[in-house]
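Colleague: Dropping the structure in here first, questions after.
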Amino acid sequence: MSPTVCPDGASQGATSEGHFAAEAPVLRVAALRTEFATAAGIVPVVDGVDFALARGEVLGIVGESGSGKSVTAYSILGLVEPPGRVTGGRVLLGDIDLLALPPEALAAIRGARVSMVFQDPMMSLNPVLRVDTQIIEALRAHGSIGRHDAHARAADALARVGIAAPEERLRSYPHELSGGMRQRVCIAIAMLHQPEVIIADEPTTALDVTIQAQILSEMQALCASSGTALLWITHDLSVVASFADRVCVMYAGRIVESGPVDVVIGAPRHPYTRGLLDSVPALAAGGRRLAPIPGMPLAPADLDAGCAFRHRCARASERCALAPDETFPAPGRTLRCHHPLDRAADRDS
Amino acid sequence: MVKLIAGRILQGFGVLVAVSLIAFFGIYAIGDPTSLLVDPQATQQDVEQVRHNLGLDQPMWRQYGLFVGSLASGDFGRSFATHEPAMRMILERLPATLELALAAIVIAVVAGVPAGLAAGTHPGSRLDRVVMTASILGFSLPTFWVGLMLILVFAVNLGWLPSFGRGELGSWLGIHSSLFTLDGLRHILLPALNLALFPMSLVARLTRSGAREALELDFVRFARAKGISERRVVFVHILKYISVPIVTMIGMQLGLLVAFAIVTESVFSWPGTGKLLIESIGRLDRPVVVAYLLVIVSIFVLLNLLTDLVYLTLDPRVRFDAGAHAE
């Protein structure tokens with residue numbers, strides 16, 4: 001959470017830009033906790049996550065599989081399926097707590113003020129419904145619209161995300177489109193109502209690198225033009241490095257380090273962030289061997305009160321058996337570590 | 001597409017030949033119907049005469065040859081017992097069976113699909129448990145016993161509904177059926193309900209498991225993330241996605257219902273083909289039995305073909321694949 005957040009939130013939800021205080025976040029997640037009931041008992045998968053998203057900002061959430069980053073995304077819009085359950089915290093959109101809303105009120109916000117794009121474009125469109133059906137139902141969900149207008153808006157939405165011959169594509173079934181095109185359709189659907197926030201759950205992971213780059217830059221441009229904030233969830237640090245404003249690094253359900261993207265990536269303080277950077281070919285220092293992080297993350301059921309990373313961490317000491325509190329080493333930066341790397345730590349240390 | 005239909009029809013033809021052979025030789029092996037047909041006091045000569053008239057004194061393969069020969073001119077033979085043309089006897093009674101099976105499948109779908117959807121979208125709930133328990137009963141209670149209980153409760157004790165026969169027939173577009181009159185509908189309700197019990201349980205379970213699986217899929221989550229109503233998620237996204245296996249099953253069940261309406265027809269004295277079949281087997285009336293089997297098999301072949309065609313409209317991917325594989 002940025003320390004510069006203004007707490008009153010009075011100006012949120014304002015329709016004209018002039019009313020916006022520059023620092024007022026559109027979305028604020030506080031102490032979010034999501035648990036899953038498993039055979040081994042209740043397991044927290046998201047454990048006290050805090051962050052805020054300013055208008056038009058791109059916030060990357062980075063973590064490996066099982067770090068709880070996707071569940072965080074689902075929790076924001078109440079899309080966690082049993083046996084999962086959001087058990088604590090607040091998700092504030094302006095001054096509305098999404099977690100406290102009745103289902104119908106939450107549905108009115110989904111897709112209109114906060115929308116989502118998913119990882120696998122092969123699976124996120126219904127294979128037995130035509131593209132136009134799936135776009136128009138999203139239009140109709142948030143206001144009545146005539147058949148002719150709906151069709152025109154659907155075609156327009158496809159054109160905006162760079163789909164050629166949108167009229168033709170509207171009549172297609174998802175299997176007739178390529179993966180990149182399907183993801184564009186999903187993005188078009190997410191952008192339909194010019195939401196304040198788009199949550200993107202690894203939307204480019206399943207795509208070719210070239211398509212990935214195209215989609216990244218297109219989404220960036222679209223969001224910039226409409227002032228939409230983007231919550232970009234990924235395991236790929238290089239993606240975040242190239243276009244996020246700020247980044248949160250997640251490990252075992254917690255944000256271990258966050259801050260402006262160039263600072264976090266340029267001078268990481270948490271050993272896990274350092275380890276992640278060293279295992280990315282493009283970001284590791286040239287000519288050096290990649291340094292994978294030893295070991296595997298603990299299963300959520302095996303987590304204890306200590307720092308979850310200490311079993312894989314070269315700097316771990318006995319103090320790490322007690323989880324570190326969140327500290328604020330610099331404005332806009334958070335860290336959870338007893339033994340942070342030096343601010344000036346060079347890469348050879 | 002045309003290739004698919006032609007292939008299916010050819011297959012069906014092979015099945016018809018096989019079934020006619022099995023039925024023909026099967027009944028031949030059971031025994032000689034002549035003794036059941038003639039007066040016990042008749043002389044040996046009379047018996048021989050009857051046997052000769054029916055063609056039963058010929059060797060088996062010749063009898064089959066004659067049967068196939070007359071098939072070519074549309075003659076399925078005459079009943080040994082009534083001397084009526086066998087096919088006419090069956091076609092006269094087929095509408096009664098078809099309307100019963102149709103009514104049963106409609107009840108099964110109208111009750112089974114919503115029950116399965118409700119259970120599948122609320123796994124572990126009380127409703128889910130009720131639907132699961134009811135479907136187990138629907139599977140395992142014997143049809144004849146349920147039929148008798150229905151009669152006992154609704155016809156005898158409560159006196160709300162009649163317990164036998166088709167009632168008054170109405171006619172519409174030249175079809176005579178008890179579905180077209182109020183009295184007929186009152187008559188068909190109990191037997192149709194009885195016959196529907198099994199397919200209803202099957203439809204409910206299949207729908208439930210399909211819905212449960214679909215709930216986990218990304219497109220359901222994406223549909224919800226779009227903010228569309230839960231009703232639309234369930235009745236459009238999930239139902240259409242899981243409809244292919246349900247339609248297959250309904251197609252297969254409809255055939256089975258026609259074929260196995262026998263028990264229900266006996267319990268409710270429903271004048272359909274099932275009752276005719278039971279009587280004909282009792283009399284070793286081979287032409288009627290063979291004609292019946294050929295009709296039933298044709299219905300199955302036709303239903304399978306229809307099911308395939310319905311697939312094509314329900315699942316665009318099948319359409320796509322069929323197009324891709326056709327040279």
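Residue numbers start at 1 in each chain; chains themselves are named A, B, ... in the order of the structure tokens; ligands are numbered from 1 in the order shown.
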With only C-alpha atoms as the counted atoms, please give the residues lying no more than 12 Å from region 270-274 of chain B, apart from itself and same-chain residues fewer than 2 positions off, as an mmCIF file with N, CA and C atoms, in the first residue's frame.

Modeller:
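Everything below was put into result_24.cif:
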data_model
loop_
_atom_site.group_PDB
_atom_site.id
_atom_site.type_symbol
_atom_site.label_atom_id
_atom_site.label_comp_id
_atom_site.auth_asym_id
_atom_site.auth_seq_id
_atom_site.Cartn_x
_atom_site.Cartn_y
_atom_site.Cartn_z
ATOM 1 N N ALA B 86 -48.636 -59.272 -40.318
ATOM 2 C CA ALA B 86 -47.914 -58.976 -39.070
ATOM 3 C C ALA B 86 -47.600 -57.493 -38.951
ATOM 4 N N MET B 87 -47.157 -56.898 -40.063
ATOM 5 C CA MET B 87 -46.752 -55.499 -39.983
ATOM 6 C C MET B 87 -47.933 -54.607 -39.649
ATOM 7 N N ARG B 88 -49.122 -54.952 -40.181
ATOM 8 C CA ARG B 88 -50.277 -54.116 -39.903
ATOM 9 C C ARG B 88 -50.614 -54.169 -38.409
ATOM 10 N N MET B 89 -50.527 -55.374 -37.823
ATOM 11 C CA MET B 89 -50.812 -55.515 -36.396
ATOM 12 C C MET B 89 -49.904 -54.604 -35.572
ATOM 13 N N ILE B 90 -48.634 -54.550 -35.992
ATOM 14 C CA ILE B 90 -47.674 -53.748 -35.218
ATOM 15 C C ILE B 90 -47.912 -52.263 -35.434
ATOM 16 N N LEU B 91 -48.100 -51.898 -36.689
ATOM 17 C CA LEU B 91 -48.281 -50.473 -36.971
ATOM 18 C C LEU B 91 -49.550 -49.938 -36.323
ATOM 19 N N GLU B 92 -50.560 -50.825 -36.190
ATOM 20 C CA GLU B 92 -51.781 -50.386 -35.516
ATOM 21 C C GLU B 92 -51.517 -50.008 -34.066
ATOM 22 N N ARG B 93 -50.590 -50.740 -33.465
ATOM 23 C CA ARG B 93 -50.363 -50.518 -32.038
ATOM 24 C C ARG B 93 -49.175 -49.605 -31.747
ATOM 25 N N LEU B 94 -48.385 -49.348 -32.767
ATOM 26 C CA LEU B 94 -47.182 -48.552 -32.539
ATOM 27 C C LEU B 94 -47.480 -47.145 -32.005
ATOM 28 N N PRO B 95 -48.502 -46.453 -32.545
ATOM 29 C CA PRO B 95 -48.748 -45.096 -32.028
ATOM 30 C C PRO B 95 -48.936 -45.067 -30.509
ATOM 31 N N ALA B 96 -49.596 -46.074 -29.961
ATOM 32 C CA ALA B 96 -49.831 -46.097 -28.515
ATOM 33 C C ALA B 96 -48.500 -46.158 -27.773
ATOM 34 N N THR B 97 -47.590 -46.998 -28.262
ATOM 35 C CA THR B 97 -46.285 -47.118 -27.606
ATOM 36 C C THR B 97 -45.451 -45.859 -27.786
ATOM 37 N N LEU B 98 -45.466 -45.330 -29.010
ATOM 38 C CA LEU B 98 -44.668 -44.132 -29.273
ATOM 39 C C LEU B 98 -45.133 -42.960 -28.416
ATOM 40 N N GLU B 99 -46.456 -42.811 -28.297
ATOM 41 C CA GLU B 99 -46.935 -41.659 -27.523
ATOM 42 C C GLU B 99 -46.564 -41.842 -26.055
ATOM 43 N N LEU B 100 -46.588 -43.091 -25.601
ATOM 44 C CA LEU B 100 -46.221 -43.348 -24.207
ATOM 45 C C LEU B 100 -44.736 -43.033 -23.978
ATOM 46 N N ALA B 101 -43.896 -43.504 -24.905
ATOM 47 C CA ALA B 101 -42.453 -43.263 -24.763
ATOM 48 C C ALA B 101 -42.138 -41.775 -24.860
ATOM 49 N N PRO B 162 -57.320 -42.474 -13.931
ATOM 50 C CA PRO B 162 -57.669 -43.844 -14.344
ATOM 51 C C PRO B 162 -56.430 -44.733 -14.337
ATOM 52 N N SER B 163 -56.647 -46.039 -14.245
ATOM 53 C CA SER B 163 -55.508 -46.934 -14.097
ATOM 54 C C SER B 163 -55.229 -47.776 -15.327
ATOM 55 N N PHE B 164 -56.126 -47.760 -16.346
ATOM 56 C CA PHE B 164 -55.793 -48.577 -17.511
ATOM 57 C C PHE B 164 -56.379 -47.987 -18.787
ATOM 58 N N GLY B 165 -55.772 -48.374 -19.915
ATOM 59 C CA GLY B 165 -56.270 -47.989 -21.222
ATOM 60 C C GLY B 165 -55.793 -46.614 -21.658
ATOM 61 N N ARG B 166 -56.089 -46.306 -22.935
ATOM 62 C CA ARG B 166 -55.627 -45.037 -23.491
ATOM 63 C C ARG B 166 -56.640 -43.920 -23.340
ATOM 64 N N GLY B 167 -57.889 -44.278 -22.985
ATOM 65 C CA GLY B 167 -58.905 -43.241 -22.884
ATOM 66 C C GLY B 167 -59.336 -42.768 -24.257
ATOM 67 N N SER B 177 -54.226 -39.870 -31.220
ATOM 68 C CA SER B 177 -53.423 -40.092 -30.027
ATOM 69 C C SER B 177 -54.177 -39.612 -28.808
ATOM 70 N N SER B 178 -53.872 -40.230 -27.692
ATOM 71 C CA SER B 178 -54.513 -39.793 -26.454
ATOM 72 C C SER B 178 -53.854 -38.529 -25.919
ATOM 73 N N GLY B 184 -57.554 -38.445 -22.540
ATOM 74 C CA GLY B 184 -56.377 -39.210 -22.939
ATOM 75 C C GLY B 184 -55.170 -38.835 -22.090
ATOM 76 N N HIS B 187 -55.288 -40.388 -18.841
ATOM 77 C CA HIS B 187 -54.950 -41.811 -18.902
ATOM 78 C C HIS B 187 -53.452 -42.044 -19.013
ATOM 79 N N ILE B 188 -52.784 -41.155 -19.759
ATOM 80 C CA ILE B 188 -51.376 -41.424 -20.056
ATOM 81 C C ILE B 188 -50.464 -41.004 -18.904
ATOM 82 N N LEU B 189 -50.975 -40.154 -18.007
ATOM 83 C CA LEU B 189 -50.100 -39.563 -16.992
ATOM 84 C C LEU B 189 -49.404 -40.626 -16.130
ATOM 85 N N LEU B 190 -50.182 -41.562 -15.588
ATOM 86 C CA LEU B 190 -49.560 -42.548 -14.688
ATOM 87 C C LEU B 190 -48.575 -43.465 -15.408
ATOM 88 N N PRO B 191 -48.990 -44.102 -16.530
ATOM 89 C CA PRO B 191 -47.991 -44.956 -17.198
ATOM 90 C C PRO B 191 -46.764 -44.183 -17.675
ATOM 91 N N ALA B 192 -46.962 -42.953 -18.141
ATOM 92 C CA ALA B 192 -45.810 -42.186 -18.619
ATOM 93 C C ALA B 192 -44.876 -41.873 -17.450
ATOM 94 N N LEU B 195 -42.946 -44.984 -16.653
ATOM 95 C CA LEU B 195 -41.907 -45.264 -17.629
ATOM 96 C C LEU B 195 -40.790 -44.223 -17.551
ATOM 97 N N LEU B 256 -34.889 -47.190 -26.145
ATOM 98 C CA LEU B 256 -35.051 -48.185 -25.090
ATOM 99 C C LEU B 256 -36.463 -48.139 -24.518
ATOM 100 N N LEU B 257 -37.011 -46.940 -24.393
ATOM 101 C CA LEU B 257 -38.351 -46.813 -23.823
ATOM 102 C C LEU B 257 -39.376 -47.491 -24.716
ATOM 103 N N VAL B 258 -39.220 -47.319 -26.039
ATOM 104 C CA VAL B 258 -40.143 -47.985 -26.957
ATOM 105 C C VAL B 258 -40.004 -49.493 -26.791
ATOM 106 N N ALA B 259 -38.760 -49.936 -26.699
ATOM 107 C CA ALA B 259 -38.519 -51.374 -26.625
ATOM 108 C C ALA B 259 -38.941 -51.957 -25.275
ATOM 109 N N PHE B 260 -38.719 -51.193 -24.207
ATOM 110 C CA PHE B 260 -38.971 -51.761 -22.882
ATOM 111 C C PHE B 260 -40.220 -51.203 -22.212
ATOM 112 N N ALA B 261 -41.107 -50.659 -23.028
ATOM 113 C CA ALA B 261 -42.377 -50.208 -22.465
ATOM 114 C C ALA B 261 -43.228 -51.404 -22.072
ATOM 115 N N ILE B 262 -42.715 -52.608 -22.399
ATOM 116 C CA ILE B 262 -43.485 -53.837 -22.196
ATOM 117 C C ILE B 262 -44.059 -53.944 -20.786
ATOM 118 N N VAL B 263 -43.204 -53.727 -19.762
ATOM 119 C CA VAL B 263 -43.653 -53.910 -18.383
ATOM 120 C C VAL B 263 -44.737 -52.897 -18.046
ATOM 121 N N THR B 264 -44.454 -51.636 -18.380
ATOM 122 C CA THR B 264 -45.438 -50.600 -18.076
ATOM 123 C C THR B 264 -46.744 -50.858 -18.819
ATOM 124 N N GLU B 265 -46.624 -51.261 -20.083
ATOM 125 C CA GLU B 265 -47.835 -51.511 -20.864
ATOM 126 C C GLU B 265 -48.641 -52.649 -20.254
ATOM 127 N N SER B 266 -47.953 -53.642 -19.727
ATOM 128 C CA SER B 266 -48.674 -54.756 -19.100
ATOM 129 C C SER B 266 -49.373 -54.295 -17.827
ATOM 130 N N VAL B 267 -48.651 -53.524 -16.993
ATOM 131 C CA VAL B 267 -49.227 -53.098 -15.717
ATOM 132 C C VAL B 267 -50.439 -52.203 -15.947
ATOM 133 N N PHE B 268 -50.352 -51.298 -16.910
ATOM 134 C CA PHE B 268 -51.435 -50.335 -17.108
ATOM 135 C C PHE B 268 -52.371 -50.731 -18.256
ATOM 136 N N LEU B 276 -48.425 -56.541 -27.302
ATOM 137 C CA LEU B 276 -48.548 -57.428 -28.459
ATOM 138 C C LEU B 276 -47.365 -58.392 -28.507
ATOM 139 N N LEU B 277 -46.177 -57.897 -28.227
ATOM 140 C CA LEU B 277 -44.983 -58.726 -28.301
ATOM 141 C C LEU B 277 -45.058 -59.863 -27.281
ATOM 142 N N ILE B 278 -45.445 -59.500 -26.054
ATOM 143 C CA ILE B 278 -45.547 -60.516 -25.009
ATOM 144 C C ILE B 278 -46.526 -61.618 -25.430
ATOM 145 N N GLU B 279 -47.683 -61.199 -25.937
ATOM 146 C CA GLU B 279 -48.682 -62.179 -26.374
ATOM 147 C C GLU B 279 -48.133 -63.032 -27.507
ATOM 148 N N SER B 280 -47.430 -62.383 -28.451
ATOM 149 C CA SER B 280 -46.935 -63.109 -29.624
ATOM 150 C C SER B 280 -45.839 -64.094 -29.254
ATOM 151 N N ILE B 281 -44.979 -63.719 -28.307
ATOM 152 C CA ILE B 281 -43.939 -64.653 -27.876
ATOM 153 C C ILE B 281 -44.592 -65.853 -27.211
ATOM 154 N N VAL B 288 -44.967 -62.073 -36.289
ATOM 155 C CA VAL B 288 -45.206 -60.847 -35.526
ATOM 156 C C VAL B 288 -43.947 -60.449 -34.755
ATOM 157 N N VAL B 289 -43.298 -61.438 -34.124
ATOM 158 C CA VAL B 289 -42.098 -61.138 -33.342
ATOM 159 C C VAL B 289 -41.002 -60.565 -34.244
ATOM 160 N N ALA B 291 -41.311 -59.135 -37.191
ATOM 161 C CA ALA B 291 -41.695 -57.816 -37.690
ATOM 162 C C ALA B 291 -41.500 -56.769 -36.594
ATOM 163 N N TYR B 292 -41.870 -57.129 -35.361
ATOM 164 C CA TYR B 292 -41.704 -56.201 -34.236
ATOM 165 C C TYR B 292 -40.236 -55.812 -34.070
ATOM 166 N N LEU B 293 -39.375 -56.835 -34.074
ATOM 167 C CA LEU B 293 -37.957 -56.549 -33.870
ATOM 168 C C LEU B 293 -37.399 -55.659 -34.979
ATOM 169 N N VAL B 295 -39.017 -53.491 -36.709
ATOM 170 C CA VAL B 295 -39.506 -52.122 -36.507
ATOM 171 C C VAL B 295 -38.693 -51.440 -35.413
ATOM 172 N N ILE B 296 -38.484 -52.137 -34.292
ATOM 173 C CA ILE B 296 -37.758 -51.539 -33.165
ATOM 174 C C ILE B 296 -36.325 -51.191 -33.572
#

Colleague: Within 8 Å of chain B, which residues of chain A show up when using only C-alpha atoms, listed as number ranges by chain?

Modeller: A: 77, 79, 81, 104, 106-112, 115-118, 120, 123-129, 137-138, 141-142, 173, 175, 189-190

Colleague: To one decimal place, how far is CA of Val46 (chain A) from CA of Thr34 (chain A) in Å?

Modeller: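 One can read the CA of Val46 (chain A) to CA of Thr34 (chain A) distance as 4.9 Å.
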
Colleague: Considering only strand (DSSP E or B) as DSSP defines it on the backbone, what residues of region 42-286 of chain A qualify? List them as an MDAnalysis selection string.

Modeller: chainID A and resid 42:54 58:62 84:93 96:97 110 114:117 197:201 229:234 246:251 254:260

Colleague: So which residues touch Met249 (chain B) within 9 Å, counting only C-alpha atoms, skipping near sequence neighbours fewer than 3 positions away, as a PyMOL selection string?

Modeller: chain B and resi 199+202-203+206+244-246+252-254+307

Colleague: Return as a list in words the full set of residues in region 221-262 of chain A whose backbone-based DSSP assignment is alpha helix (DSSP H).

Modeller: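 Filtering region 221-262 of chain A down to alpha helix (DSSP H) leaves Ala221, Leu222, Cys223, Ala224, Ser225, Ser226, Leu237, Ser238, Val239, Val240, Ala241, Ser242, Phe243, Val261 and Asp262 of chain A.
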
Colleague: Emit the selected residues as a PDB file, in the first residue's frame, including N, CA, C and O atoms.

Modeller:
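Writing done, so here's again-v8.pdb:
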ATOM      1  N   ALA A 221      -1.753   0.438 -24.621  1.00  0.00           N
ATOM      2  CA  ALA A 221      -2.266   1.627 -25.294  1.00  0.00           C
ATOM      3  C   ALA A 221      -3.740   1.845 -24.963  1.00  0.00           C
ATOM      4  O   ALA A 221      -4.172   2.959 -24.674  1.00  0.00           O
ATOM      5  N   LEU A 222      -4.516   0.751 -25.003  1.00  0.00           N
ATOM      6  CA  LEU A 222      -5.948   0.869 -24.733  1.00  0.00           C
ATOM      7  C   LEU A 222      -6.193   1.396 -23.329  1.00  0.00           C
ATOM      8  O   LEU A 222      -7.031   2.268 -23.106  1.00  0.00           O
ATOM      9  N   CYS A 223      -5.453   0.840 -22.360  1.00  0.00           N
ATOM     10  CA  CYS A 223      -5.662   1.246 -20.984  1.00  0.00           C
ATOM     11  C   CYS A 223      -5.222   2.687 -20.777  1.00  0.00           C
ATOM     12  O   CYS A 223      -5.881   3.456 -20.083  1.00  0.00           O
ATOM     13  N   ALA A 224      -4.129   3.066 -21.434  1.00  0.00           N
ATOM     14  CA  ALA A 224      -3.652   4.438 -21.284  1.00  0.00           C
ATOM     15  C   ALA A 224      -4.680   5.412 -21.838  1.00  0.00           C
ATOM     16  O   ALA A 224      -4.965   6.452 -21.240  1.00  0.00           O
ATOM     17  N   SER A 225      -5.307   5.039 -22.976  1.00  0.00           N
ATOM     18  CA  SER A 225      -6.238   5.977 -23.596  1.00  0.00           C
ATOM     19  C   SER A 225      -7.527   6.106 -22.787  1.00  0.00           C
ATOM     20  O   SER A 225      -8.176   7.131 -22.815  1.00  0.00           O
ATOM     21  N   SER A 226      -7.909   5.071 -22.064  1.00  0.00           N
ATOM     22  CA  SER A 226      -9.166   5.165 -21.331  1.00  0.00           C
ATOM     23  C   SER A 226      -8.940   5.358 -19.832  1.00  0.00           C
ATOM     24  O   SER A 226      -9.896   5.416 -19.070  1.00  0.00           O
ATOM     25  N   LEU A 237       8.837 -12.128 -15.038  1.00  0.00           N
ATOM     26  CA  LEU A 237       9.377 -10.842 -14.603  1.00  0.00           C
ATOM     27  C   LEU A 237       9.731  -9.935 -15.775  1.00  0.00           C
ATOM     28  O   LEU A 237       9.634  -8.720 -15.678  1.00  0.00           O
ATOM     29  N   SER A 238      10.139 -10.526 -16.892  1.00  0.00           N
ATOM     30  CA  SER A 238      10.560  -9.680 -18.005  1.00  0.00           C
ATOM     31  C   SER A 238       9.359  -8.912 -18.558  1.00  0.00           C
ATOM     32  O   SER A 238       9.497  -7.771 -18.998  1.00  0.00           O
ATOM     33  N   VAL A 239       8.168  -9.544 -18.544  1.00  0.00           N
ATOM     34  CA  VAL A 239       6.965  -8.842 -18.988  1.00  0.00           C
ATOM     35  C   VAL A 239       6.700  -7.647 -18.088  1.00  0.00           C
ATOM     36  O   VAL A 239       6.464  -6.526 -18.536  1.00  0.00           O
ATOM     37  N   VAL A 240       6.779  -7.896 -16.769  1.00  0.00           N
ATOM     38  CA  VAL A 240       6.528  -6.830 -15.808  1.00  0.00           C
ATOM     39  C   VAL A 240       7.561  -5.723 -15.974  1.00  0.00           C
ATOM     40  O   VAL A 240       7.246  -4.537 -15.995  1.00  0.00           O
ATOM     41  N   ALA A 241       8.818  -6.114 -16.145  1.00  0.00           N
ATOM     42  CA  ALA A 241       9.892  -5.136 -16.254  1.00  0.00           C
ATOM     43  C   ALA A 241       9.652  -4.212 -17.438  1.00  0.00           C
ATOM     44  O   ALA A 241       9.950  -3.032 -17.384  1.00  0.00           O
ATOM     45  N   SER A 242       9.057  -4.768 -18.507  1.00  0.00           N
ATOM     46  CA  SER A 242       8.941  -3.957 -19.707  1.00  0.00           C
ATOM     47  C   SER A 242       7.786  -2.981 -19.654  1.00  0.00           C
ATOM     48  O   SER A 242       7.822  -1.976 -20.332  1.00  0.00           O
ATOM     49  N   PHE A 243       6.739  -3.250 -18.860  1.00  0.00           N
ATOM     50  CA  PHE A 243       5.676  -2.260 -18.985  1.00  0.00           C
ATOM     51  C   PHE A 243       4.862  -1.956 -17.728  1.00  0.00           C
ATOM     52  O   PHE A 243       3.938  -1.144 -17.786  1.00  0.00           O
ATOM     53  N   VAL A 261       8.716  -0.334 -10.396  1.00  0.00           N
ATOM     54  CA  VAL A 261       9.273  -1.503 -11.067  1.00  0.00           C
ATOM     55  C   VAL A 261      10.787  -1.365 -11.303  1.00  0.00           C
ATOM     56  O   VAL A 261      11.553  -2.321 -11.099  1.00  0.00           O
ATOM     57  N   ASP A 262      11.246  -0.162 -11.653  1.00  0.00           N
ATOM     58  CA  ASP A 262      12.680  -0.035 -11.933  1.00  0.00           C
ATOM     59  C   ASP A 262      13.503  -0.180 -10.657  1.00  0.00           C
ATOM     60  O   ASP A 262      14.608  -0.732 -10.682  1.00  0.00           O
TER      61      ASP A 262
END

Colleague: Could you please determine the separation between CA of Ser35 (chain B) and CA of Ile22 (chain B) in Å, to one decimal place?

Modeller: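 We find that CA of Ser35 (chain B) and CA of Ile22 (chain B) lie 22.7 Å from each other.
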
Colleague: Which distance in Å separates CA of Asp236 (chain A) and CA of Glu57 (chain A), to one decimal?

Modeller: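 Distance reported for this atom pair: 18.6 Å.
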
Colleague: For Leu54 (chain B), work out the shell of residues within 12 Å, counting only C-alpha atoms and skipping chain neighbours fewer than 5 positions away, then give it as number ranges by chain.

Modeller: B: 32-34, 37, 47-49, 63, 66-67, 77-81, 83, 285-287
